[in-house]
$ cat protein.cif   # mmCIF, C-alpha atoms
data_query
#
loop_
_atom_site.group_PDB
_atom_site.id
_atom_site.type_symbol
_atom_site.label_atom_id
_atom_site.label_comp_id
_atom_site.auth_asym_id
_atom_site.auth_seq_id
_atom_site.Cartn_x
_atom_site.Cartn_y
_atom_site.Cartn_z
ATOM 1 C CA MET A 1194 164.219 -152.435 -25.113
ATOM 2 C CA ARG A 1195 162.318 -149.719 -23.408
ATOM 3 C CA TRP A 1196 163.162 -146.037 -23.644
ATOM 4 C CA ARG A 1197 164.193 -145.824 -19.972
ATOM 5 C CA GLU A 1198 166.719 -148.531 -20.451
ATOM 6 C CA ARG A 1199 168.099 -146.751 -23.534
ATOM 7 C CA LEU A 1200 168.514 -143.434 -21.641
ATOM 8 C CA ARG A 1201 170.002 -144.963 -18.491
ATOM 9 C CA PRO A 1202 173.664 -144.820 -19.676
ATOM 10 C CA TRP A 1203 173.247 -141.143 -20.564
ATOM 11 C CA ALA A 1204 171.482 -140.357 -17.264
ATOM 12 C CA ASP A 1205 174.193 -142.154 -15.320
ATOM 13 C CA ARG A 1206 176.891 -140.041 -16.924
ATOM 14 C CA HIS A 1207 175.082 -136.784 -16.056
ATOM 15 C CA ARG A 1208 173.958 -137.612 -12.560
ATOM 16 C CA PRO A 1209 175.759 -135.670 -9.783
ATOM 17 C CA GLY A 1210 177.188 -138.893 -8.460
ATOM 18 C CA PRO A 1211 179.766 -139.139 -5.712
ATOM 19 C CA PRO A 1212 180.946 -136.176 -3.606
ATOM 20 C CA GLU A 1213 184.083 -135.682 -5.783
ATOM 21 C CA SER A 1214 181.953 -134.435 -8.672
ATOM 22 C CA ALA A 1215 180.093 -131.946 -6.398
ATOM 23 C CA GLY A 1216 183.277 -129.830 -6.193
ATOM 24 C CA ARG A 1217 183.558 -129.870 -9.948
ATOM 25 C CA HIS A 1218 179.965 -128.633 -10.252
ATOM 26 C CA ARG A 1219 180.645 -125.874 -7.705
ATOM 27 C CA LEU A 1220 183.761 -124.819 -9.612
ATOM 28 C CA THR A 1221 181.810 -124.736 -12.875
ATOM 29 C CA ALA A 1222 179.092 -122.629 -11.235
ATOM 30 C CA LEU A 1223 181.711 -120.261 -9.765
ATOM 31 C CA LEU A 1224 183.458 -119.832 -13.129
ATOM 32 C CA ALA A 1225 180.113 -119.172 -14.807
ATOM 33 C CA ALA A 1226 179.270 -116.529 -12.176
ATOM 34 C CA VAL A 1227 182.666 -114.868 -12.642
ATOM 35 C CA GLY A 1228 182.165 -114.870 -16.424
ATOM 36 C CA VAL A 1229 178.724 -113.289 -16.108
ATOM 37 C CA ALA A 1230 180.070 -110.653 -13.700
ATOM 38 C CA ALA A 1231 182.986 -109.842 -16.031
ATOM 39 C CA ALA A 1232 180.645 -109.518 -19.006
ATOM 40 C CA ALA A 1233 178.324 -107.279 -17.006
ATOM 41 C CA LEU A 1234 181.244 -105.050 -15.992
ATOM 42 C CA ALA A 1235 182.500 -104.916 -19.570
ATOM 43 C CA ILE A 1236 179.111 -103.600 -20.661
ATOM 44 C CA VAL A 1237 177.956 -101.606 -17.627
ATOM 45 C CA TYR A 1238 181.199 -99.752 -16.794
ATOM 46 C CA PRO A 1239 181.675 -98.085 -20.220
ATOM 47 C CA ALA A 1240 177.991 -97.175 -20.308
ATOM 48 C CA TRP A 1241 178.279 -95.666 -16.836
ATOM 49 C CA GLN A 1242 181.331 -93.647 -17.933
ATOM 50 C CA GLN A 1243 179.391 -92.281 -20.910
ATOM 51 C CA ILE A 1244 176.524 -91.250 -18.666
ATOM 52 C CA ALA A 1245 178.840 -89.667 -16.086
ATOM 53 C CA GLN A 1246 180.791 -87.660 -18.682
ATOM 54 C CA SER A 1247 177.812 -86.489 -20.728
ATOM 55 C CA PRO A 1248 177.074 -83.245 -18.773
ATOM 56 C CA ALA A 1249 180.653 -81.998 -19.227
ATOM 57 C CA ARG A 1250 180.635 -83.004 -22.892
ATOM 58 C CA GLN A 1251 177.315 -81.235 -23.409
ATOM 59 C CA ALA A 1252 178.669 -78.078 -21.743
ATOM 60 C CA ARG A 1253 181.690 -78.076 -24.079
ATOM 61 C CA TRP A 1254 179.432 -78.461 -27.140
ATOM 62 C CA LEU A 1255 177.111 -75.690 -25.965
ATOM 63 C CA GLU A 1256 180.120 -73.413 -25.449
ATOM 64 C CA ALA A 1257 181.420 -74.223 -28.940
ATOM 65 C CA ILE A 1258 177.988 -73.516 -30.415
ATOM 66 C CA ALA A 1259 177.865 -70.164 -28.600
ATOM 67 C CA VAL A 1260 181.273 -69.239 -30.053
ATOM 68 C CA LEU A 1261 180.106 -70.189 -33.554
ATOM 69 C CA GLU A 1262 176.931 -68.140 -33.167
ATOM 70 C CA ARG A 1263 178.961 -65.133 -31.952
ATOM 71 C CA ASP A 1264 181.327 -65.456 -34.914
ATOM 72 C CA ALA A 1265 178.394 -65.780 -37.327
ATOM 73 C CA ARG A 1266 176.841 -62.583 -35.948
ATOM 74 C CA ALA A 1267 180.169 -60.750 -36.288
ATOM 75 C CA LEU A 1268 180.562 -62.002 -39.858
ATOM 76 C CA ALA A 1269 177.041 -60.922 -40.755
ATOM 77 C CA GLN A 1270 177.764 -57.468 -39.311
ATOM 78 C CA LEU A 1271 180.995 -57.193 -41.308
ATOM 79 C CA ARG A 1272 179.285 -58.307 -44.496
ATOM 80 C CA SER A 1273 176.635 -55.652 -44.054
ATOM 81 C CA LEU A 1274 179.241 -52.859 -44.136
ATOM 82 C CA PRO A 1275 179.278 -51.042 -47.457
ATOM 83 C CA ASP A 1276 182.242 -51.380 -49.760
ATOM 84 C CA ALA A 1277 184.499 -48.381 -49.949
ATOM 85 C CA PRO A 1278 184.642 -46.671 -53.291
ATOM 86 C CA ALA A 1279 187.396 -47.956 -55.522
ATOM 87 C CA ALA A 1280 190.714 -46.379 -54.650
ATOM 88 C CA GLN A 1281 191.872 -43.677 -57.005
ATOM 89 C CA LEU A 1282 195.356 -45.166 -57.187
ATOM 90 C CA ASP A 1283 197.032 -46.681 -60.189
ATOM 91 C CA PRO A 1284 197.532 -50.466 -60.009
ATOM 92 C CA THR A 1285 201.201 -50.149 -59.010
ATOM 93 C CA ALA A 1286 200.430 -47.775 -56.131
ATOM 94 C CA LEU A 1287 197.455 -49.918 -55.098
ATOM 95 C CA SER A 1288 199.682 -53.009 -55.082
ATOM 96 C CA ALA A 1289 202.260 -51.199 -52.929
ATOM 97 C CA GLU A 1290 199.569 -49.986 -50.511
ATOM 98 C CA LEU A 1291 198.144 -53.520 -50.287
ATOM 99 C CA GLN A 1292 201.643 -54.786 -49.493
ATOM 100 C CA VAL A 1293 202.070 -52.210 -46.701
ATOM 101 C CA ARG A 1294 198.682 -52.979 -45.142
ATOM 102 C CA SER A 1295 199.185 -56.727 -45.474
ATOM 103 C CA ARG A 1296 202.547 -56.618 -43.710
ATOM 104 C CA ARG A 1297 201.093 -54.369 -41.030
ATOM 105 C CA TRP A 1298 198.258 -56.740 -40.129
ATOM 106 C CA LEU A 1299 199.522 -60.173 -41.252
ATOM 107 C CA GLY A 1300 203.205 -59.883 -40.397
ATOM 108 C CA ALA A 1301 206.452 -59.720 -42.334
ATOM 109 C CA SER A 1302 205.719 -62.975 -44.165
ATOM 110 C CA ALA A 1303 202.894 -61.388 -46.200
ATOM 111 C CA ARG A 1304 203.611 -61.245 -49.955
ATOM 112 C CA VAL A 1305 201.527 -59.565 -52.654
ATOM 113 C CA ALA A 1306 201.579 -60.619 -56.300
ATOM 114 C CA SER A 1307 199.532 -59.342 -59.234
ATOM 115 C CA VAL A 1308 197.308 -62.000 -60.808
ATOM 116 C CA GLY A 1309 195.003 -61.239 -63.727
ATOM 117 C CA ASP A 1310 192.887 -58.271 -62.745
ATOM 118 C CA GLY A 1311 193.586 -58.555 -59.023
ATOM 119 C CA TRP A 1312 196.182 -59.310 -56.363
ATOM 120 C CA GLU A 1313 197.049 -62.494 -54.500
ATOM 121 C CA VAL A 1314 198.228 -62.110 -50.921
ATOM 122 C CA THR A 1315 200.062 -65.038 -49.323
ATOM 123 C CA PHE A 1316 200.803 -65.122 -45.592
ATOM 124 C CA ASP A 1317 202.220 -67.644 -43.137
ATOM 125 C CA ALA A 1318 201.662 -66.569 -39.532
ATOM 126 C CA ALA A 1319 198.742 -64.180 -39.092
ATOM 127 C CA THR A 1320 197.028 -63.809 -35.755
ATOM 128 C CA PRO A 1321 193.235 -64.193 -35.768
ATOM 129 C CA GLY A 1322 192.762 -60.551 -34.741
ATOM 130 C CA GLY A 1323 195.270 -59.314 -37.310
ATOM 131 C CA LEU A 1324 193.543 -61.302 -40.046
ATOM 132 C CA ALA A 1325 190.140 -59.845 -39.135
ATOM 133 C CA ASP A 1326 191.518 -56.288 -38.995
ATOM 134 C CA TRP A 1327 193.292 -56.790 -42.329
ATOM 135 C CA LEU A 1328 190.078 -57.925 -44.023
ATOM 136 C CA ILE A 1329 188.199 -54.868 -42.782
ATOM 137 C CA ASP A 1330 191.046 -52.458 -43.520
ATOM 138 C CA VAL A 1331 191.629 -53.597 -47.096
ATOM 139 C CA ARG A 1332 187.925 -53.624 -47.884
ATOM 140 C CA GLN A 1333 187.115 -50.238 -46.367
ATOM 141 C CA THR A 1334 190.294 -48.300 -47.091
ATOM 142 C CA LEU A 1335 191.420 -49.613 -50.464
ATOM 143 C CA GLY A 1336 187.991 -50.522 -51.798
ATOM 144 C CA LEU A 1337 189.049 -54.054 -52.741
ATOM 145 C CA ARG A 1338 186.743 -57.057 -52.747
ATOM 146 C CA LEU A 1339 187.811 -60.488 -51.508
ATOM 147 C CA VAL A 1340 187.249 -62.910 -54.381
ATOM 148 C CA ARG A 1341 188.805 -66.117 -53.084
ATOM 149 C CA ALA A 1342 190.394 -67.216 -49.824
ATOM 150 C CA GLN A 1343 192.076 -70.438 -48.828
ATOM 151 C CA TRP A 1344 193.252 -70.414 -45.230
ATOM 152 C CA GLU A 1345 194.115 -72.968 -42.597
ATOM 153 C CA ARG A 1346 194.821 -72.712 -38.929
ATOM 154 C CA HIS A 1347 198.227 -73.891 -37.814
ATOM 155 C CA ALA A 1348 199.529 -73.698 -34.230
ATOM 156 C CA GLY A 1349 197.203 -70.841 -33.254
ATOM 157 C CA HIS A 1350 197.970 -68.765 -36.348
ATOM 158 C CA TRP A 1351 196.495 -68.574 -39.830
ATOM 159 C CA ARG A 1352 198.262 -69.156 -43.121
ATOM 160 C CA GLY A 1353 197.071 -69.220 -46.694
ATOM 161 C CA THR A 1354 196.225 -67.050 -49.671
ATOM 162 C CA ALA A 1355 193.607 -64.451 -50.525
ATOM 163 C CA VAL A 1356 192.747 -62.990 -53.920
ATOM 164 C CA TRP A 1357 191.493 -59.392 -54.055
ATOM 165 C CA GLN A 1358 189.967 -57.406 -56.916
ATOM 166 C CA ALA A 1359 189.065 -53.784 -57.295
ATOM 167 C CA THR A 1360 185.368 -53.249 -56.610
ATOM 168 C CA GLY A 1361 184.533 -52.408 -60.230
ATOM 169 C CA ALA A 1362 186.733 -55.123 -61.751
ATOM 170 C CA VAL A 1363 185.146 -57.783 -63.930
ATOM 171 C CA ARG A 1364 185.768 -61.247 -62.684
#

$ encode --input "protein.cif" --output "structure tokens"
Amino acid sequence: MRWRERLRPWADRHRPGPPESAGRHRLTALLAAVGVAAAALAIVYPAWQQIAQSPARQARWLEAIAVLERDARALAQLRSLPDAPAAQLDPTALSAELQVRSRRWLGASARVASVGDGWEVTFDAATPGGLADWLIDVRQTLGLRLVRAQWERHAGHWRGTAVWQATGAVR
């Protein structure tokens, strides 16, 4: 048996044949075209959205970077200020003065407790400006040094704890 005769049954099954099978071939081609178009849209549309939104996203990142740079410059300026000389108050009076200044800048929720050779201040709802002013005020007026701080931002306000020591205190 020759190879053409062996392949004839297969070729007969895959030959376009009568007009009824032409519609089936057209339908298969149409479904394939729809599938390719859907796949192209699934890939092209998200990529197009990324490209279209990138200038606005870049502007937001550049603005955030500018804010961080401004804050870093302000922090560097504050760190360069000299420490005030240690207050000439006894520890009880210094604790009371720290309490007064903490409540003034951080709000009524501020609490001061003596810990070791320093003071721990806990607060719940400090404004960003009040927190910054408090840090400067306590450092410059009372001559205390911030040893440890653990703060978190919550609903536009700051809460957390700060540990202060007298400038000459041994840690």

$ axis_aligned_box --input "protein.cif" --around "stretch 1312-1322 of chain A" --padding-each-side "5 Å" --output "AutoDock Vina command-line options"
--center_x 197.5 --center_y -63.5 --center_z -45.6 --size_x 19.5 --size_y 18.3 --size_z 31.6

$ residues_around --input "protein.cif" --residues "A:Ala1342" --least-positions-apart "2" --cutoff "9 Å" --atoms "only C-alpha atoms" --output "list in words"
Leu1339, Val1340, Trp1344, Gly1353, Thr1354, Ala1355, Val1356 and Trp1357 of chain A

$ atom_distance --input "protein.cif" --atom1 "atom CA of A:Gly1311" --atom2 "atom CA of A:Leu1328"
15.4 Å

$ resolve_selection --input "protein.cif" --expression "the PyMOL selection byres ((chain A and resi 1329) around 12)" --output "PyMOL selection string"
chain A and resi 1267-1268+1270-1277+1294-1295+1298+1322-1328+1330-1339

$ atom_distance --input "protein.cif" --atom1 "atom CA of A:His1347" --atom2 "atom CA of A:Ala1318"
8.3 Å

$ atom_distance --input "protein.cif" --atom1 "atom CA of A:Thr1315" --atom2 "atom CA of A:Leu1299"
9.4 Å

$ residues_around --input "protein.cif" --residues "A:Ala1306" --least-positions-apart "2" --cutoff "10 Å" --atoms "all atoms listed in the file" --output "number ranges by chain"
A: 1288, 1291-1292, 1304, 1308-1309, 1311-1315, 1356
